[in-house]
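data12.cif (mmCIF, C-alpha atoms and all ligand atoms)
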data_input
loop_
_atom_site.label_atom_id
_atom_site.label_comp_id
_atom_site.auth_asym_id
_atom_site.auth_seq_id
_atom_site.Cartn_x
_atom_site.Cartn_y
_atom_site.Cartn_z
CA MET W 1 15.20 39.35 -124.68
CA ILE W 2 13.98 38.78 -121.12
CA LEU W 3 13.38 35.12 -121.87
CA ILE W 4 16.86 34.66 -123.31
CA THR W 5 18.43 36.44 -120.34
CA ALA W 6 16.38 34.30 -117.96
CA PHE W 7 17.42 31.17 -119.82
CA ILE W 8 21.10 32.18 -119.70
CA PHE W 9 20.83 32.86 -115.96
CA PHE W 10 19.04 29.55 -115.49
CA ALA W 11 21.71 27.71 -117.52
CA ILE W 12 24.48 29.36 -115.47
CA PHE W 13 22.63 28.46 -112.30
CA VAL W 14 22.30 24.81 -113.40
CA PHE W 15 25.90 24.71 -114.56
CA ILE W 16 27.14 26.06 -111.20
CA LYS W 17 24.95 23.59 -109.41
CA LYS W 18 26.05 20.65 -111.56
CA THR W 19 29.74 21.53 -111.28
CA GLU W 20 29.71 21.92 -107.50
CA SER W 21 33.11 21.25 -105.94
CA GLN W 22 32.07 19.66 -102.67
CA LYS W 23 33.81 16.32 -102.28
CA PRO W 24 32.03 13.27 -100.85
CA ASP W 25 32.38 12.73 -97.10
CA LEU W 26 34.05 9.41 -96.40
CA GLU W 27 34.84 7.67 -93.14
CA PHE W 28 35.82 4.08 -92.46
CA ALA W 29 37.48 1.95 -89.81
CA LEU W 30 38.44 -1.63 -89.21
CA SER W 31 36.37 -3.19 -86.46
CA GLY W 32 37.93 -4.02 -83.13
CA ASP W 33 40.04 -2.02 -80.72
CA THR W 34 42.54 -1.13 -83.35
CA SER W 35 42.12 0.25 -86.84
CA LYS W 36 45.64 -0.70 -87.82
CA ALA W 37 45.58 -4.45 -88.40
CA ILE W 38 43.81 -6.83 -90.75
CA GLY W 39 43.61 -10.45 -89.65
CA ALA W 40 42.65 -13.66 -91.43
CA GLU W 41 39.19 -12.12 -91.66
CA SER W 42 38.57 -8.52 -90.70
CA GLN W 43 35.54 -6.29 -90.99
CA LEU W 44 35.67 -2.80 -92.30
CA ALA W 45 32.73 -0.49 -91.72
CA GLY W 46 32.20 2.96 -93.09
CA ILE W 47 29.87 5.65 -94.29
CA VAL W 48 30.06 7.72 -97.45
CA SER W 49 27.82 10.62 -98.37
CA ASP W 50 27.46 13.36 -100.94
CA ALA W 51 24.62 15.77 -100.25
CA LYS W 52 24.83 17.81 -103.48
CA SER W 53 25.34 15.62 -106.57
CA GLY W 54 24.89 12.20 -105.05
CA LEU W 55 27.30 9.29 -105.05
CA ARG W 56 28.79 7.88 -108.27
CA SER W 57 31.13 5.17 -106.95
CA LEU W 58 32.93 3.80 -103.95
CA SER W 59 35.92 1.51 -103.95
CA VAL W 60 38.14 0.00 -101.29
CA LEU W 61 41.62 -1.24 -102.20
CA LEU W 62 44.54 -2.90 -100.53
CA ILE W 63 47.96 -1.86 -101.76
CA LYS W 64 50.73 -4.28 -100.91
CA ASP W 65 54.24 -4.05 -102.40
CA GLY W 66 52.99 -1.72 -105.14
CA THR W 67 50.13 -4.00 -106.22
CA GLU W 68 46.58 -2.71 -105.90
CA THR W 69 43.83 -5.21 -105.13
CA VAL W 70 40.20 -4.19 -105.20
CA VAL W 71 38.50 -5.38 -102.05
CA PHE W 72 35.15 -3.77 -102.63
CA GLU W 73 33.51 -1.80 -105.40
CA LYS W 74 30.10 -0.16 -105.72
CA LYS W 75 28.66 1.90 -108.57
CA PHE W 76 25.62 4.01 -107.82
CA SER W 77 22.74 4.77 -110.17
CA LYS W 78 22.65 8.16 -111.91
CA THR W 79 18.89 8.29 -112.09
CA LYS W 80 17.99 6.90 -108.66
CA LYS W 81 20.49 8.93 -106.71
CA VAL W 82 22.04 7.72 -103.49
CA TYR W 83 23.23 10.43 -101.13
CA THR W 84 24.35 8.35 -98.16
CA TYR W 85 25.65 4.81 -98.10
CA ASN W 86 26.76 2.63 -95.18
CA PHE W 87 29.15 -0.11 -96.08
CA ASN W 88 30.45 -3.24 -94.38
CA VAL W 89 33.23 -5.13 -96.06
CA SER W 90 34.73 -8.43 -95.04
CA ILE W 91 38.44 -8.62 -95.92
CA LYS W 92 40.16 -12.01 -96.24
CA PRO W 93 43.78 -11.38 -97.31
CA LYS W 94 44.47 -15.06 -98.11
CA ALA W 95 41.51 -15.32 -100.49
CA LEU W 96 42.82 -12.18 -102.21
CA GLN W 97 46.31 -13.71 -102.30
CA ILE W 98 47.79 -10.87 -100.28
CA LYS W 99 50.70 -11.78 -98.01
CA ASP W 100 51.27 -10.65 -94.40
CA GLY W 101 53.12 -7.41 -93.78
CA LYS W 102 52.71 -3.66 -94.03
CA ALA W 103 50.13 -2.41 -96.53
CA LEU W 104 47.95 0.54 -97.43
CA LEU W 105 44.20 0.46 -97.11
CA LYS W 106 42.68 2.93 -99.53
CA ALA W 107 39.09 4.02 -100.01
CA MET W 108 37.87 6.26 -102.83
CA ALA W 109 34.50 7.91 -103.31
CA ILE W 110 33.36 9.91 -106.38
CA ASP W 111 30.21 11.98 -106.80
CA TYR W 112 28.04 12.89 -109.84
CA SER W 113 29.28 16.47 -110.07
CA TRP W 114 30.30 17.69 -113.58
CA ARG W 115 33.60 18.84 -112.13
CA ASN W 116 36.95 17.60 -113.39
CA SER W 117 35.76 17.26 -117.00
CA GLY W 118 32.67 15.41 -115.85
CA ASN W 119 34.59 12.89 -113.75
CA GLY W 120 33.24 14.20 -110.44
CA ASN W 121 34.77 15.15 -107.12
CA LEU W 122 37.05 12.55 -105.61
CA THR W 123 37.70 11.84 -101.95
CA GLN W 124 40.40 9.36 -101.18
CA ILE W 125 41.74 8.21 -97.83
CA GLU W 126 44.75 6.02 -97.27
CA LYS W 127 45.59 4.27 -94.02
CA GLU W 128 48.77 2.43 -93.19
CA ILE W 129 47.89 -0.98 -91.83
CA VAL W 130 49.48 -4.31 -91.09
CA ILE W 131 48.21 -7.57 -92.49
CA ASP W 132 48.65 -10.33 -89.95
CA THR W 133 46.76 -13.54 -90.65
CA LYS W 134 48.66 -15.76 -88.22
CA PRO W 135 46.99 -16.57 -84.91
CA PRO W 136 49.11 -16.02 -81.79
CA ARG W 137 50.79 -19.05 -80.23
CA ILE W 138 50.00 -19.86 -76.61
CA GLU W 139 52.58 -21.87 -74.74
CA ILE W 140 51.38 -23.19 -71.37
CA LEU W 141 54.27 -22.95 -68.90
CA SER W 142 52.61 -24.22 -65.72
CA GLY W 143 51.84 -27.85 -64.97
CA ALA W 144 49.64 -29.72 -62.48
CA HIS W 145 46.34 -27.93 -62.87
CA ASN W 146 44.39 -29.85 -60.23
CA ILE W 147 41.23 -28.01 -59.36
CA ILE W 148 38.43 -29.11 -57.10
CA GLN W 149 34.85 -27.87 -57.50
CA GLY W 150 34.75 -24.48 -55.78
CA GLY W 151 38.55 -24.38 -55.89
CA ALA W 152 41.09 -22.14 -57.56
CA GLY W 153 44.25 -22.48 -59.60
CA LEU W 154 46.87 -20.65 -61.59
CA VAL W 155 47.71 -21.06 -65.25
CA ILE W 156 50.89 -19.43 -66.57
CA TYR W 157 51.33 -19.03 -70.31
CA LYS W 158 53.48 -17.25 -72.82
CA LEU W 159 52.22 -15.48 -75.93
CA SER W 160 54.14 -15.25 -79.21
CA GLU W 161 52.90 -11.68 -79.83
CA PRO W 162 51.00 -8.95 -77.95
CA CYS W 163 47.28 -9.71 -77.75
CA LYS W 164 44.25 -7.58 -77.04
CA ILE W 165 42.58 -10.44 -75.12
CA SER W 166 44.09 -13.49 -73.49
CA GLY W 167 43.14 -15.74 -70.62
CA ILE W 168 41.56 -18.99 -69.57
CA LYS W 169 38.03 -20.02 -70.38
CA ALA W 170 36.41 -22.41 -67.89
CA GLY W 171 32.94 -23.27 -69.10
CA ASN W 172 31.23 -19.91 -69.59
CA ASN W 173 33.60 -18.04 -67.28
CA PHE W 174 36.57 -16.18 -68.66
CA PHE W 175 39.60 -15.39 -66.49
CA PRO W 176 41.82 -12.75 -68.11
CA GLY W 177 45.55 -13.23 -67.90
CA TYR W 178 47.74 -10.42 -66.58
CA LEU W 179 51.21 -9.66 -67.81
CA SER W 180 53.85 -10.69 -65.28
CA GLU W 181 57.17 -8.94 -64.57
CA PRO W 182 59.37 -8.47 -66.52
CA LYS W 183 56.82 -7.50 -69.12
CA ASP W 184 59.00 -8.08 -72.18
CA LYS W 185 58.93 -11.83 -71.49
CA ASN W 186 55.26 -11.86 -72.60
CA ILE W 187 54.39 -14.24 -69.74
CA PHE W 188 50.88 -14.07 -68.31
CA PHE W 189 49.29 -15.19 -65.03
CA ALA W 190 45.65 -16.23 -65.08
CA PHE W 191 44.09 -17.10 -61.73
CA ILE W 192 41.08 -19.29 -62.32
CA GLY W 193 38.21 -20.64 -60.27
CA LEU W 194 35.91 -23.58 -60.83
CA ASN W 195 32.43 -22.74 -59.66
CA TYR W 196 31.14 -25.07 -56.92
CA ASN W 197 28.48 -26.37 -59.34
CA GLN W 198 30.55 -26.69 -62.53
CA PRO W 199 30.94 -30.34 -63.54
CA THR W 200 34.31 -32.12 -63.54
CA ASN W 201 34.17 -32.36 -67.33
CA THR W 202 34.01 -28.57 -67.71
CA SER W 203 36.04 -27.50 -70.72
CA ILE W 204 39.05 -25.38 -69.76
CA THR W 205 41.13 -23.81 -72.51
CA ALA W 206 43.57 -20.97 -72.99
CA LYS W 207 42.46 -18.33 -75.47
CA ALA W 208 44.21 -15.38 -77.09
CA VAL W 209 43.11 -12.85 -79.70
CA ASP W 210 45.76 -10.66 -81.33
CA TYR W 211 45.30 -7.07 -82.50
CA ALA W 212 44.37 -8.26 -86.00
CA GLY W 213 41.53 -10.33 -84.52
CA ASN W 214 43.18 -13.74 -85.06
CA GLU W 215 42.13 -16.14 -82.34
CA ALA W 216 44.03 -19.06 -80.86
CA LYS W 217 42.81 -21.72 -78.44
CA THR W 218 44.95 -24.25 -76.60
CA GLY W 219 43.99 -27.07 -74.33
CA PHE W 220 46.27 -28.21 -71.52
CA TYR W 221 46.52 -30.91 -68.91
CA LYS W 222 44.09 -30.48 -66.06
CA TYR W 223 42.39 -32.61 -63.46
CA LEU W 224 39.04 -31.47 -62.10
CA LYS W 225 37.89 -33.10 -58.91
CA LYS W 226 34.43 -33.52 -57.48
CA ALA W 227 33.77 -31.90 -54.10
CA LEU W 228 31.20 -32.88 -51.52
CA PHE W 229 29.28 -30.04 -49.97
CA LYS W 230 27.25 -30.14 -46.79
CA ARG W 231 23.54 -29.57 -46.56
CA ASP W 232 22.13 -27.48 -43.79
CA VAL W 233 18.67 -26.59 -42.54
CA ILE W 234 17.98 -23.09 -41.34
CA ASN W 235 14.81 -22.58 -39.38
CA ILE W 236 13.37 -19.13 -39.81
CA THR W 237 11.55 -18.11 -36.67
CA ASP W 238 9.09 -15.28 -36.12
CA GLY W 239 11.58 -13.95 -33.57
CA PHE W 240 14.27 -13.71 -36.25
CA LEU W 241 11.87 -12.07 -38.72
CA GLU W 242 10.71 -9.51 -36.13
CA GLN W 243 14.29 -8.78 -35.19
CA LYS W 244 15.68 -8.44 -38.74
CA MET W 245 12.99 -7.49 -41.24
CA PRO W 246 11.88 -4.00 -40.05
CA GLU W 247 15.53 -2.94 -39.72
CA PHE W 248 16.33 -4.39 -43.15
CA ALA W 249 13.27 -2.84 -44.80
CA SER W 250 14.33 0.56 -43.44
CA VAL W 251 17.60 0.40 -45.42
CA VAL W 252 16.59 -1.57 -48.51
CA ASN W 253 13.51 -0.65 -50.51
CA LEU W 254 11.47 -3.86 -50.67
CA ARG W 255 8.76 -4.57 -53.21
CA THR W 256 7.03 -6.65 -50.52
CA LYS W 257 7.24 -4.02 -47.76
CA GLU W 258 3.46 -4.07 -47.26
CA ALA W 259 3.34 -7.89 -47.22
CA SER W 260 4.03 -10.31 -44.36
CA LEU W 261 7.48 -10.58 -42.79
CA ILE W 262 8.07 -14.03 -44.29
CA GLU W 263 7.27 -12.68 -47.78
CA GLN W 264 9.70 -9.84 -47.15
CA PHE W 265 12.29 -12.40 -46.04
CA LEU W 266 11.81 -14.41 -49.25
CA GLU W 267 12.27 -11.32 -51.41
CA VAL W 268 15.51 -10.58 -49.55
CA ASN W 269 16.76 -14.16 -49.62
CA ARG W 270 16.04 -14.59 -53.34
CA ASP W 271 15.97 -11.26 -55.20
CA ILE W 272 18.16 -9.07 -53.00
CA ARG W 273 20.67 -11.92 -52.69
CA LYS W 274 20.81 -12.20 -56.48
CA ALA W 275 21.24 -8.42 -56.90
CA ASN W 276 23.99 -8.37 -54.22
CA PHE W 277 25.74 -11.25 -55.98
CA LYS W 278 25.65 -9.33 -59.26
CA GLN W 279 27.04 -6.21 -57.58
CA ILE W 280 29.92 -8.21 -56.07
CA GLN W 281 30.71 -9.67 -59.49
CA ASP W 282 30.74 -6.17 -60.97
CA ILE W 283 33.07 -4.89 -58.24
CA CYS W 284 35.41 -7.86 -58.80
CA SER W 285 35.59 -7.40 -62.56
CA LYS W 286 38.24 -4.67 -62.19
CA THR W 287 41.51 -5.57 -60.53
CA GLU W 288 45.09 -4.42 -60.00
CA HIS W 289 47.39 -5.86 -62.66
CA LYS W 290 49.90 -7.10 -60.14
CA LYS W 291 50.09 -9.55 -57.27
CA LEU W 292 49.64 -7.54 -54.08
CA TRP W 293 49.45 -10.49 -51.68
CA GLU W 294 52.14 -12.66 -50.10
CA GLY W 295 52.04 -16.08 -48.40
CA THR W 296 48.92 -17.63 -46.88
CA PHE W 297 45.70 -15.79 -46.23
CA LEU W 298 44.92 -15.08 -42.60
CA ARG W 299 41.98 -16.97 -41.17
CA PHE W 300 39.99 -14.73 -38.79
CA PRO W 301 41.88 -15.54 -35.54
CA GLN W 302 40.44 -17.41 -32.56
CA SER W 303 37.19 -18.12 -34.32
CA ALA W 304 35.00 -21.18 -34.61
CA SER W 305 33.68 -22.31 -37.98
CA ARG W 306 29.94 -22.02 -38.21
CA ALA W 307 28.98 -22.60 -41.83
CA GLY W 308 31.11 -23.90 -44.67
CA PHE W 309 31.72 -22.94 -48.26
CA ALA W 310 28.99 -23.97 -50.71
CA ASP W 311 26.81 -25.47 -47.98
CA GLY W 312 23.40 -26.07 -49.48
CA ARG W 313 20.83 -24.43 -47.26
CA THR W 314 17.19 -25.37 -46.94
CA TYR W 315 15.19 -22.65 -45.25
CA LYS W 316 12.24 -23.81 -43.18
CA TYR W 317 9.41 -21.78 -41.73
CA LYS W 318 6.83 -23.38 -39.42
CA GLY W 319 8.05 -26.83 -40.49
CA LYS W 320 7.76 -26.18 -44.21
CA ASP W 321 10.55 -25.82 -46.77
CA ILE W 322 10.33 -22.27 -48.12
CA ASP W 323 13.62 -21.69 -49.93
CA ASN W 324 16.98 -23.15 -51.02
CA GLN W 325 20.22 -21.19 -51.36
CA VAL W 326 23.94 -21.86 -51.42
CA HIS W 327 26.32 -20.29 -48.91
CA LEU W 328 29.26 -18.96 -50.92
CA GLY W 329 31.64 -18.22 -48.07
CA ILE W 330 32.52 -19.39 -44.59
CA ASP W 331 31.08 -18.16 -41.31
CA LEU W 332 33.54 -17.63 -38.49
CA ALA W 333 32.42 -16.66 -35.01
CA SER W 334 34.55 -15.11 -32.29
CA THR W 335 33.54 -12.73 -29.51
CA ALA W 336 31.07 -9.96 -30.37
CA TYR W 337 32.58 -6.89 -32.04
CA ALA W 338 35.86 -8.70 -32.61
CA LYS W 339 38.55 -6.95 -34.63
CA ILE W 340 38.80 -8.23 -38.22
CA PRO W 341 42.23 -8.31 -39.83
CA ALA W 342 42.75 -8.03 -43.59
CA ALA W 343 43.43 -11.61 -44.76
CA ASN W 344 46.27 -10.39 -46.96
CA SER W 345 47.69 -7.23 -48.49
CA GLY W 346 45.72 -5.44 -51.13
CA LYS W 347 43.58 -2.46 -52.02
CA VAL W 348 40.18 -1.77 -50.46
CA VAL W 349 37.64 -1.54 -53.28
CA PHE W 350 34.31 -1.58 -51.42
CA THR W 351 33.14 -0.33 -47.99
CA GLU W 352 29.37 -0.12 -48.01
CA PHE W 353 26.14 -1.71 -46.87
CA LEU W 354 25.38 -4.52 -49.31
CA GLY W 355 21.95 -6.07 -48.72
CA ILE W 356 22.09 -9.53 -47.14
CA TYR W 357 25.82 -9.06 -46.48
CA GLY W 358 25.23 -5.95 -44.35
CA ASN W 359 28.26 -3.70 -43.93
CA THR W 360 30.83 -5.16 -46.27
CA VAL W 361 34.49 -4.69 -47.11
CA ILE W 362 36.04 -6.08 -50.30
CA ILE W 363 39.80 -6.15 -50.80
CA ASP W 364 41.43 -6.56 -54.22
CA HIS W 365 44.62 -8.61 -53.89
CA GLY W 366 45.51 -8.15 -57.55
CA PHE W 367 45.37 -10.44 -60.59
CA GLY W 368 41.64 -10.94 -59.99
CA LEU W 369 41.81 -12.30 -56.43
CA PHE W 370 39.46 -10.74 -53.84
CA SER W 371 38.47 -11.24 -50.21
CA LEU W 372 35.10 -10.17 -48.81
CA TYR W 373 34.13 -9.48 -45.18
CA ALA W 374 30.44 -9.24 -44.32
CA HIS W 375 27.97 -8.41 -41.50
CA LEU W 376 30.41 -5.88 -39.99
CA ASN W 377 29.24 -3.80 -37.09
CA ARG W 378 31.70 -1.10 -38.05
CA ILE W 379 33.97 -0.50 -41.04
CA ASP W 380 37.36 1.01 -40.17
CA VAL W 381 38.92 1.39 -43.62
CA GLU W 382 38.21 3.64 -46.55
CA LYS W 383 37.68 2.72 -50.16
CA GLY W 384 40.93 3.10 -52.07
CA ALA W 385 43.16 2.45 -49.04
CA ASP W 386 46.13 0.10 -49.35
CA VAL W 387 46.08 -2.45 -46.54
CA LYS W 388 48.66 -4.90 -45.29
CA LYS W 389 47.99 -8.41 -44.07
CA GLY W 390 46.68 -8.12 -40.49
CA ASP W 391 45.57 -4.48 -40.65
CA ILE W 392 42.25 -4.09 -38.82
CA ILE W 393 39.47 -3.26 -41.27
CA GLY W 394 36.48 -3.27 -38.91
CA LEU W 395 34.53 -5.08 -36.20
CA THR W 396 32.31 -8.12 -36.50
CA GLY W 397 28.58 -7.68 -36.13
CA MET W 398 25.26 -8.95 -37.42
CA THR W 399 24.27 -6.38 -40.05
CA GLY W 400 22.42 -7.68 -43.10
CA MET W 401 20.81 -11.11 -42.82
CA ALA W 402 22.94 -12.39 -39.92
CA GLY W 403 21.18 -13.99 -36.97
CA GLY W 404 24.16 -13.53 -34.65
CA ASP W 405 27.54 -11.80 -34.44
CA HIS W 406 30.00 -13.46 -36.82
CA LEU W 407 32.24 -12.80 -39.79
CA HIS W 408 31.12 -14.03 -43.18
CA PHE W 409 34.31 -14.42 -45.21
CA SER W 410 34.33 -15.04 -48.96
CA MET W 411 37.01 -15.20 -51.58
CA LEU W 412 36.57 -14.66 -55.27
CA VAL W 413 38.68 -15.23 -58.33
CA HIS W 414 37.42 -12.65 -60.76
CA ASN W 415 33.64 -13.27 -60.57
CA VAL W 416 33.67 -16.80 -59.14
CA PHE W 417 33.31 -17.50 -55.41
CA VAL W 418 35.99 -19.98 -54.34
CA ASN W 419 36.64 -21.91 -51.16
CA PRO W 420 38.72 -19.70 -48.82
CA ARG W 421 40.20 -22.77 -47.07
CA GLU W 422 42.63 -23.36 -49.93
CA TRP W 423 44.06 -19.89 -49.40
CA PHE W 424 44.57 -20.51 -45.65
CA ASP W 425 46.63 -23.64 -46.40
CA PRO W 426 50.39 -23.02 -46.87
CA SER W 427 50.99 -26.28 -48.75
CA TRP W 428 48.10 -25.63 -51.13
CA ILE W 429 49.47 -22.14 -51.87
CA LYS W 430 52.96 -23.53 -52.39
CA ASN W 431 51.89 -26.39 -54.69
CA ASN W 432 49.32 -24.51 -56.71
CA ILE W 433 50.58 -20.94 -56.85
CA THR W 434 54.02 -19.96 -55.57
CA SER W 435 56.01 -22.94 -56.85
CA LYS W 436 54.56 -22.33 -60.34
CA ILE W 437 55.51 -18.66 -60.22
CA GLU W 438 59.03 -19.47 -58.98
CA HIS W 439 59.45 -22.12 -61.65
CA VAL W 440 58.64 -19.61 -64.40
CA GLY W 441 60.81 -16.90 -62.80
CA ASN W 442 63.80 -19.22 -62.99
CA GLU W 443 63.37 -19.94 -66.70
ZN ZN K 501 27.78 -16.49 -44.12
#

structure tokens encoding of this file:
Amino acid sequence: MILITAFIFFAIFVFIKKTESQKPDLEFALSGDTSKAIGAESQLAGIVSDAKSGLRSLSVLLIKDGTETVVFEKKFSKTKKVYTYNFNVSIKPKALQIKDGKALLKAMAIDYSWRNSGNGNLTQIEKEIVIDTKPPRIEILSGAHNIIQGGAGLVIYKLSEPCKISGIKAGNNFFPGYLSEPKDKNIFFAFIGLNYNQPTNTSITAKAVDYAGNEAKTGFYKYLKKALFKRDVINITDGFLEQKMPEFASVVNLRTKEASLIEQFLEVNRDIRKANFKQIQDICSKTEHKKLWEGTFLRFPQSASRAGFADGRTYKYKGKDIDNQVHLGIDLASTAYAKIPAANSGKVVFTEFLGIYGNTVIIDHGFGLFSLYAHLNRIDVEKGADVKKGDIIGLTGMTGMAGGDHLHFSMLVHNVFVNPREWFDPSWIKNNITSKIEHVGNE
């Protein structure tokens, strides 16, 4: 009697267990920023799990105009149970003969429960999506893309549809395009810069990726010109080292702080310079999506040019070559503690001590264009402030690795240092920037 009762209880227990009603957990998403579009080839990733009875099957379907197409199917073993399964599915609508347009993406998972007459618990999820296998079209609207090494330019293009990424690729550098006003015209401005050391056969193309992940690339007419840069010798004296290094080492934590002054100098000139460069590039990777500047950029008034853009510098110590670096800005000297005007209107995005640059101000002029002011004795603006062309932002000095009072002035397009002289020149601005913008505005 006891045995029979125990058996009945056991059977009920097993039956309850086997007929559990917990549905499989199922989650999936299309890769990319959006989960709503399938391109010529899209990836779907997901996870399905069933902790109690284990997984029986998983299927992914596309439903377009009432027709169901199986995209992916997986049956799981009954004996070697699978409780969790990660899946990655590549979807190519053309290969499946599914046309562009609105569709449903459906995933179904079933477990090994005895529920539903032994058919198991079913989880199904449907998502409304759009199939779009056509790449965007890029129409280049601007002409005359003449860029010199270390120089800048503007490319204006129109997109046939909204895109998650678009811009100009110059070698390994990518310059995002920003939507111009009025926005519904789908016209983009991409300011670009050719690095001083990029060759004149650097590939420059426009690129756009739509929300379904379809990518388009377009070449356009361009002329890249070779530039000649000066070479300079800088003699590092013990006097300079004694004047600069202890002060520098008190602000920047040097690995070589116990070593000789010349070793400290080399760490600063190589490693700190590289870290500062990286920090500037990071700061200049975010920008206002509108043009904040107007007309030519102001050259620091009543100043003499000391060093030029992309001058190659050989550093000598006691007659020996000890280092080589490139000067990615221009040095302008006036009287000591001279007032520095903002070169153009924009937003102040950096006001700190920055290694070799000393006290530094960086202004974002919008659309990826930046100006940088270094070695300041005093900074008179705050981060986040809007400045107008000519507003005083601080006083010149010799903070950082400066041997004398001067302004180091740099300009960047996105993360590329460009020659500021182009931006001081009204005819260059007219021919390369403003006339292009006006031309498009009149279309
Ligand atoms: Zn300089």

For W:Lys99, which residue among W:Thr69, W:Ser49, W:Ser142, W:Thr202 is the nearest when counting all atoms listed in the file?
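Going through W:Thr69, W:Ser49, W:Ser142, W:Thr202 one by one, the smallest distance to W:Lys99 is for W:Thr69.
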
With only C-alpha atoms and all ligand atoms counted and 9 Å as the cut-off, give the residues of chain W in contact with ligand ZN 501 (chain K), each with its shortest interatomic distance in Å and the pair that gives it, as a Markdown table.
| residue | atom | partner | partner_atom | distance |
| --- | --- | --- | --- | --- |
| W:Arg306 | CA | K:ZN501 | ZN | 8.4 |
| W:Ala307 | CA | K:ZN501 | ZN | 6.6 |
| W:Gly308 | CA | K:ZN501 | ZN | 8.1 |
| W:Phe309 | CA | K:ZN501 | ZN | 8.6 |
| W:His327 | CA | K:ZN501 | ZN | 6.3 |
| W:Leu328 | CA | K:ZN501 | ZN | 7.4 |
| W:Gly329 | CA | K:ZN501 | ZN | 5.8 |
| W:Ile330 | CA | K:ZN501 | ZN | 5.6 |
| W:Asp331 | CA | K:ZN501 | ZN | 4.6 |
| W:Leu332 | CA | K:ZN501 | ZN | 8.1 |
| W:Tyr357 | CA | K:ZN501 | ZN | 8.0 |
| W:Ala374 | CA | K:ZN501 | ZN | 7.7 |
| W:His375 | CA | K:ZN501 | ZN | 8.5 |
| W:Met401 | CA | K:ZN501 | ZN | 8.9 |
| W:Ala402 | CA | K:ZN501 | ZN | 7.6 |
| W:His406 | CA | K:ZN501 | ZN | 8.2 |
| W:Leu407 | CA | K:ZN501 | ZN | 7.2 |
| W:His408 | CA | K:ZN501 | ZN | 4.3 |
| W:Phe409 | CA | K:ZN501 | ZN | 6.9 |
| W:Ser410 | CA | K:ZN501 | ZN | 8.3 |

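Between W:Lys81 and the residues W:Leu62, W:Leu55, W:Val413, W:Met398, the shortest atom-to-atom distance, using all atoms listed in the file, involves W:Leu55.
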
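Taking only C-alpha atoms into account, W:Ala216 lies nearest to W:Thr133 out of the set W:Gln264, W:Thr133, W:Ser59, W:Asn201.
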
Go through W:Val326, W:Ile392, W:Ile131, W:Ile234 one by one, measure the shortest atom-to-atom distance of each to W:Ala342 using only C-alpha atoms, and give the residue with the smallest value.
W:Ile392

Minimum-distance residue to W:Ile204, chosen among W:Gly239, W:Leu105, W:Tyr373, W:His145 (using all atoms listed in the file):
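Smallest distance to W:Ile204 is found for W:His145.
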
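Here the question is which of W:Lys291, W:Lys64, W:Lys134, W:Arg421 gets nearest to W:Phe367 using all atoms listed in the file, and that residue is W:Lys291.
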
Show me, as a list in words, the residues that have an atom within 12 Å of W:Phe15 when counting only C-alpha atoms, minus same-chain residues fewer than 4 positions from it.
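In the requested format, the answer is Phe7, Ile8, Phe9, Phe10, Ala11, Thr19, Glu20, Ser21, Ser113, Trp114, Arg115 and Gly118 of chain W.
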
Excluding W:Ala29 and its own-chain neighbours fewer than 3 positions away, which residues fall within 10 Å of it when counting all atoms listed in the file? Please give them as a ChimeraX atom specification.
/W:32,34-36,43-47,88,127

Please complete stretch 189-198 of chain W so it has N, CA and C atoms, and hand it over as an mmCIF file, in the coordinates of the input.
data_model
loop_
_atom_site.group_PDB
_atom_site.id
_atom_site.type_symbol
_atom_site.label_atom_id
_atom_site.label_comp_id
_atom_site.auth_asym_id
_atom_site.auth_seq_id
_atom_site.Cartn_x
_atom_site.Cartn_y
_atom_site.Cartn_z
ATOM 1 N N PHE W 189 49.873 -14.423 -66.143
ATOM 2 C CA PHE W 189 49.290 -15.190 -65.030
ATOM 3 C C PHE W 189 47.767 -15.102 -65.150
ATOM 4 N N ALA W 190 47.117 -16.239 -65.136
ATOM 5 C CA ALA W 190 45.650 -16.230 -65.080
ATOM 6 C C ALA W 190 45.215 -17.060 -63.878
ATOM 7 N N PHE W 191 44.682 -16.380 -62.865
ATOM 8 C CA PHE W 191 44.090 -17.100 -61.730
ATOM 9 C C PHE W 191 42.700 -17.525 -62.155
ATOM 10 N N ILE W 192 42.380 -18.784 -61.881
ATOM 11 C CA ILE W 192 41.080 -19.290 -62.320
ATOM 12 C C ILE W 192 40.337 -19.918 -61.149
ATOM 13 N N GLY W 193 39.035 -20.011 -61.291
ATOM 14 C CA GLY W 193 38.210 -20.640 -60.270
ATOM 15 C C GLY W 193 37.188 -21.531 -60.939
ATOM 16 N N LEU W 194 36.967 -22.700 -60.337
ATOM 17 C CA LEU W 194 35.910 -23.580 -60.830
ATOM 18 C C LEU W 194 34.718 -23.356 -59.907
ATOM 19 N N ASN W 195 33.603 -22.975 -60.491
ATOM 20 C CA ASN W 195 32.430 -22.740 -59.660
ATOM 21 C C ASN W 195 32.048 -24.023 -58.911
ATOM 22 N N TYR W 196 31.481 -23.887 -57.725
ATOM 23 C CA TYR W 196 31.140 -25.070 -56.920
ATOM 24 C C TYR W 196 30.232 -26.038 -57.686
ATOM 25 N N ASN W 197 29.423 -25.504 -58.628
ATOM 26 C CA ASN W 197 28.480 -26.370 -59.340
ATOM 27 C C ASN W 197 28.885 -26.666 -60.787
ATOM 28 N N GLN W 198 30.111 -26.330 -61.170
ATOM 29 C CA GLN W 198 30.550 -26.690 -62.530
ATOM 30 C C GLN W 198 31.013 -28.141 -62.526
#
